[in-house]
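**Q** Pasting a structure below so you can have a look.
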Amino acid sequence: MAQSGILLIDKSEGWTSHDAVARTRRFLGTRKVGHAGTLDPMATGLLVLGAESSTRLLTYLVGLDKEYETVIRLGISTVTDDREGTATAVGDPYLIAKLSPAAIAAEAAKLTGDIQQAPSAVSAIKVDGRRAYDRVRAGEDVELPKRPVTVHEFELGEMRVERLSDAVTVVDIPARVRCSSGTYIRALARDLGAALGVGGHLISLRRTRVGPFQVTDARSIEDLDAAANPAAGDVAADPASFLLDPAEVARGLFPALELSEQQAIDLGQGKKLDVPDAPDAEIAAAIAPAGSLVGLVRIRAGKTRVLVNFPSGRGAAAIPAGGDRG
């Protein structure tokens with residue numbers, strides 16, 4: 001039976017997030033696998049997946065801050081704001097030649113902090129019931145409304161001048177971005193190029209962190225394949241050994257509410273608990289004496305309200321939290 005838990009995957013270029021989920025389902029032997037935020041096929045790096053009842057924990061991971069390493073190319077705009085899209089404009093060679101680290105840094109600073117950002121037109125956002133990318137592919141002009149995002153850090157590396165042809169010269173800049181969930185790194189490249197008057201897009205993108213999760217702790221799809229199909233004489237790895245314990249994940253994200261045996265039973269049935277000594281918390285991880293995650297709760301004025309419960313036991317399907325929701 002499949003085990004509940006969180007799995008960190010280092011996605012390779014060319015894989016879709018759906019591909020990674022499908023391969024993980026096969027590896028873990030369960031259909032119940034989800035993710036806490038996609039990556040474009042061009043992008044590499046960290047995908048946070050949940051299996052079995054831990055898929056319910058993913059809702060609370062989606063909004064975590066993220067960190068990326070990228071290379072921005074100034075001098076060319078594309079329809080997708082990355083190197084996979086058709087070029088729509090090439091910057092003026094005179095303006096490109098005048099680009100300086102100081103000028104680029106000054107415009108990057110304007111894209112740092114709390115900003116209003118228009119997502120890339122080629123995105124999965126729905127416009128009147130249809131994905132924006134479908135409308136773009138159908139030849140429509142799509143301009144998505146701006147939305148608030150936060151760019152905590154937009155750190156630029158050393159600029160490199162690249163001559164692509166006799167007529168086209170570009171400037172490539174490595175960058176590290178730490179941002180809120182929902183930020184489009186492609187849109188940052190687009191907006192930086194637009195502010196400098198030369199256009200811009202991404203030529204590489206790697207997600208290195210999601211909240212407390214680091215890509216250095218992730219496993220590749222190839223690791224999963226090797227574990228499932230060991231070399232002659234080797235023993236296949238237990239898929240559960242690839243999973244992070246949901247209770248430990250929840251402890252790392254939220255304050256812990258340690259339960260008695262009876263409280264764990266009551267909370268599992270959706271009942272409110274009296275916890276007079278517990279401080280108020282919008283989200284707290286309710287942990288059973290044996291160390292399992294019983295649920296996530298809100299604590300106010302010494303009483304709990306269930307946000308979501310997690311079934312115990314291996315292979316149990318996720319169930320909705322019961323009880324009073326008032």
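By convention in this document, the chains of the structure tokens carry letters A, B, ... by their order, each chain's residues are numbered from 1, and ligands are numbered from 1 in the order they are shown.
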Write down as an MDAnalysis selection string the residues of region 51-91 of chain A whose backbone DSSP state falls under strand (DSSP E).

**A** chainID A and resid 51 66:74 76:78 87:90

**Q** Might you pull out every residue within 10 Å of Asp191 (chain A), with only C-alpha atoms counted and same-chain residues fewer than 2 positions away left off, and present them as a PyMOL selection string?

**A** chain A and resi 81+107-108+111+117-118+185-189+193-197+199-201

**Q** Could you write out the selected residues, including N, CA, C and O atoms, as an mmCIF file, in the first residue's frame?

**A**
```cif
data_model
loop_
_atom_site.group_PDB
_atom_site.id
_atom_site.type_symbol
_atom_site.label_atom_id
_atom_site.label_comp_id
_atom_site.auth_asym_id
_atom_site.auth_seq_id
_atom_site.Cartn_x
_atom_site.Cartn_y
_atom_site.Cartn_z
ATOM 1 N N ASP A 81 7.848 35.151 -23.680
ATOM 2 C CA ASP A 81 8.766 35.773 -22.720
ATOM 3 C C ASP A 81 9.871 34.818 -22.286
ATOM 4 O O ASP A 81 10.535 35.051 -21.268
ATOM 5 N N GLU A 107 16.857 49.680 -13.124
ATOM 6 C CA GLU A 107 15.532 49.227 -13.546
ATOM 7 C C GLU A 107 15.110 47.975 -12.788
ATOM 8 O O GLU A 107 13.929 47.797 -12.480
ATOM 9 N N ALA A 108 16.077 47.099 -12.469
ATOM 10 C CA ALA A 108 15.751 45.910 -11.675
ATOM 11 C C ALA A 108 15.263 46.315 -10.288
ATOM 12 O O ALA A 108 14.371 45.672 -9.717
ATOM 13 N N LEU A 111 11.691 46.895 -10.063
ATOM 14 C CA LEU A 111 10.896 45.662 -10.127
ATOM 15 C C LEU A 111 11.052 44.833 -8.851
ATOM 16 O O LEU A 111 10.695 43.650 -8.831
ATOM 17 N N GLN A 117 2.208 43.269 -11.329
ATOM 18 C CA GLN A 117 2.794 42.560 -12.462
ATOM 19 C C GLN A 117 1.710 41.956 -13.342
ATOM 20 O O GLN A 117 0.793 41.283 -12.842
ATOM 21 N N ALA A 118 1.812 42.179 -14.643
ATOM 22 C CA ALA A 118 0.940 41.508 -15.603
ATOM 23 C C ALA A 118 1.555 40.152 -15.938
ATOM 24 O O ALA A 118 2.692 40.093 -16.411
ATOM 25 N N ILE A 185 8.583 34.867 -13.398
ATOM 26 C CA ILE A 185 9.962 35.284 -13.652
ATOM 27 C C ILE A 185 10.109 35.704 -15.112
ATOM 28 O O ILE A 185 10.843 36.633 -15.438
ATOM 29 N N ARG A 186 9.362 35.042 -15.992
ATOM 30 C CA ARG A 186 9.361 35.452 -17.407
ATOM 31 C C ARG A 186 8.896 36.890 -17.548
ATOM 32 O O ARG A 186 9.407 37.646 -18.384
ATOM 33 N N ALA A 187 7.901 37.263 -16.768
ATOM 34 C CA ALA A 187 7.383 38.629 -16.848
ATOM 35 C C ALA A 187 8.405 39.635 -16.314
ATOM 36 O O ALA A 187 8.477 40.775 -16.799
ATOM 37 N N LEU A 188 9.202 39.239 -15.317
ATOM 38 C CA LEU A 188 10.265 40.121 -14.846
ATOM 39 C C LEU A 188 11.265 40.396 -15.963
ATOM 40 O O LEU A 188 11.710 41.537 -16.153
ATOM 41 N N ALA A 189 11.635 39.356 -16.716
ATOM 42 C CA ALA A 189 12.564 39.534 -17.837
ATOM 43 C C ALA A 189 11.950 40.437 -18.905
ATOM 44 O O ALA A 189 12.614 41.337 -19.437
ATOM 45 N N GLY A 193 13.416 44.230 -19.789
ATOM 46 C CA GLY A 193 13.789 44.596 -21.153
ATOM 47 C C GLY A 193 12.989 45.759 -21.679
ATOM 48 O O GLY A 193 13.524 46.650 -22.359
ATOM 49 N N ALA A 194 11.692 45.793 -21.362
ATOM 50 C CA ALA A 194 10.835 46.894 -21.814
ATOM 51 C C ALA A 194 11.264 48.208 -21.181
ATOM 52 O O ALA A 194 11.305 49.263 -21.847
ATOM 53 N N ALA A 195 11.602 48.189 -19.896
ATOM 54 C CA ALA A 195 12.016 49.416 -19.209
ATOM 55 C C ALA A 195 13.311 49.968 -19.789
ATOM 56 O O ALA A 195 13.519 51.192 -19.810
ATOM 57 N N LEU A 196 14.166 49.072 -20.280
ATOM 58 C CA LEU A 196 15.438 49.498 -20.868
ATOM 59 C C LEU A 196 15.306 49.830 -22.354
ATOM 60 O O LEU A 196 16.265 50.280 -22.975
ATOM 61 N N GLY A 197 14.118 49.570 -22.918
ATOM 62 C CA GLY A 197 13.859 49.911 -24.308
ATOM 63 C C GLY A 197 14.413 48.944 -25.323
ATOM 64 O O GLY A 197 14.470 49.266 -26.520
ATOM 65 N N GLY A 199 13.749 45.214 -24.998
ATOM 66 C CA GLY A 199 13.073 43.913 -24.942
ATOM 67 C C GLY A 199 13.892 42.899 -24.168
ATOM 68 O O GLY A 199 15.109 43.062 -23.978
ATOM 69 N N GLY A 200 13.211 41.852 -23.690
ATOM 70 C CA GLY A 200 13.922 40.827 -22.939
ATOM 71 C C GLY A 200 13.102 39.559 -22.779
ATOM 72 O O GLY A 200 11.881 39.577 -22.899
ATOM 73 N N HIS A 201 13.793 38.468 -22.514
ATOM 74 C CA HIS A 201 13.146 37.185 -22.243
ATOM 75 C C HIS A 201 14.113 36.304 -21.464
ATOM 76 O O HIS A 201 15.292 36.648 -21.283
#
```

**Q** Please determine, counting only C-alpha atoms, which residue among A:Val71, A:Ile115, A:Val235, A:Val62 has the shortest atom-to-atom distance to Arg206 (chain A).

**A**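 Smallest distance to Arg206 (chain A) is found for A:Val71.
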
**Q** Per DSSP on the backbone, filter region 16-138 of chain A down to the residues in alpha helix (DSSP H) and report them as a ChimeraX atom specification.

**A** /A:17-28,93-97,101-110,132-137

**Q** Leaving out region 97-102 of chain A and any residue of its chain fewer than 4 positions from it, which residues lie within 7 Å of it when counting only C-alpha atoms, given as a PyMOL selection string?

**A** chain A and resi 93+106+159

**Q** So which one's closest to Ser120 (chain A), A:Ala89, A:Leu202, A:Val171, A:Ala218? Using only C-alpha atoms, please.

**A**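 Closest candidate: A:Leu202.
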
**Q** Give me the residues near Glu222 (chain A) as a PyMOL selection string, where near means some atom within 12 Å (using only C-alpha atoms) and where sequence neighbours in that chain fewer than 6 positions away do not count.

**A** chain A and resi 9-12+15+20+23-24+27+228-230

**Q** Using only C-alpha atoms, pick whichever of A:Val177, A:Leu244, A:Ala288, A:Val79 has the shortest atom-to-atom distance to Gln262 (chain A).

**A** A:Ala288

**Q** Enter the distance from CA of Ser260 (chain A) to CA of Leu61 (chain A), in Å, rounded to one decimal.

**A**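 CA of Leu61 (chain A) lies at a distance of 26.7 Å from CA of Ser260 (chain A).
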
**Q** Please compute the CA of Ala105 (chain A)-CA of Gly182 (chain A) distance, one decimal, in Å.

**A**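 These two atoms are separated by 22.9 Å.
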
**Q** Quick check, in Å to one decimal: how far apart do CA of Ala22 (chain A) and CA of Val294 (chain A) lie?

**A**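 Separating CA of Ala22 (chain A) from CA of Val294 (chain A) is a distance of 27.6 Å.
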
**Q** Counting only C-alpha atoms, which residues of region 266-299 of chain A sit at most 12 Å from some atom of region 41-56 of chain A, and what is each one's closest atom pair with its distance in Å to one decimal, listed by chain and rising residue number, as a tab-separated table?

**A**
```
residue	atom	partner	partner_atom	distance
A:Ser292	CA	A:Ser54	CA	11.9
A:Leu293	CA	A:Ser54	CA	9.8
A:Val294	CA	A:Ser53	CA	10.9
A:Gly295	CA	A:Arg56	CA	9.9
A:Leu296	CA	A:Arg56	CA	10.1
```

**Q** Could those selected residues go to a file with N, CA, C and O atoms, as a short mmCIF file (atom, residue, chain, number, x, y, z; two decimals), in the first residue's frame?

**A**
```cif
data_model
loop_
_atom_site.label_atom_id
_atom_site.label_comp_id
_atom_site.auth_asym_id
_atom_site.auth_seq_id
_atom_site.Cartn_x
_atom_site.Cartn_y
_atom_site.Cartn_z
N SER A 292 2.13 11.27 14.66
CA SER A 292 1.47 11.42 13.36
C SER A 292 0.71 12.74 13.29
O SER A 292 0.31 13.31 14.32
N LEU A 293 0.51 13.23 12.08
CA LEU A 293 -0.24 14.46 11.84
C LEU A 293 -1.73 14.14 11.82
O LEU A 293 -2.20 13.42 10.95
N VAL A 294 -2.46 14.67 12.79
CA VAL A 294 -3.89 14.44 12.86
C VAL A 294 -4.64 15.43 11.99
O VAL A 294 -5.59 15.09 11.29
N GLY A 295 -4.20 16.69 12.02
CA GLY A 295 -4.88 17.70 11.22
C GLY A 295 -4.20 19.04 11.34
O GLY A 295 -3.23 19.22 12.07
N LEU A 296 -4.72 19.98 10.58
CA LEU A 296 -4.36 21.38 10.71
C LEU A 296 -5.56 22.09 11.31
O LEU A 296 -6.70 21.85 10.87
#
```

**Q** Taking only C-alpha atoms into account, name the residue in A:Leu243, A:Glu69, A:Gly75, A:Ala231 that is nearest to Pro174 (chain A).

**A** A:Glu69

**Q** Would you please work out which residue, of A:Arg26, A:Arg207, A:Lys32, A:Lys66, is nearest to Glu13 (chain A) when using only C-alpha atoms?

**A**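 Looking only at the distances to Glu13 (chain A), the closest residue turns out to be A:Arg207.
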
**Q** Would you list the contacts of region 299-301 of chain A as an MDAnalysis selection string, taking every protein, DNA or RNA residue within 7 Å and counting only C-alpha atoms, but skipping same-chain residues closer than 3 positions in sequence?

**A** chainID A and resid 280:282 304:305

**Q** Out of A:Ser77, A:Thr59, A:Ser4, A:Asn309, which residue has the shortest atom-to-atom distance to Leu192 (chain A) when counting only C-alpha atoms?

**A**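 Once distances to Leu192 (chain A) are computed over only C-alpha atoms, the minimum belongs to A:Ser77.
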
**Q** I want to know what sits within 12 Å of Ala278 (chain A), based on only C-alpha atoms, with residues of the same chain fewer than 3 positions away left out; could you give that as a list in words?

**A**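 With the cut-off at 12 Å, the set is Pro255, Ala256, Leu257, Glu258, Leu259, Leu273, Asp274, Val275, Ala281, Ala284, Ala286, Val297, Arg298, Ile299, Arg300, Ala301, Gly302, Lys303 and Thr304 of chain A.
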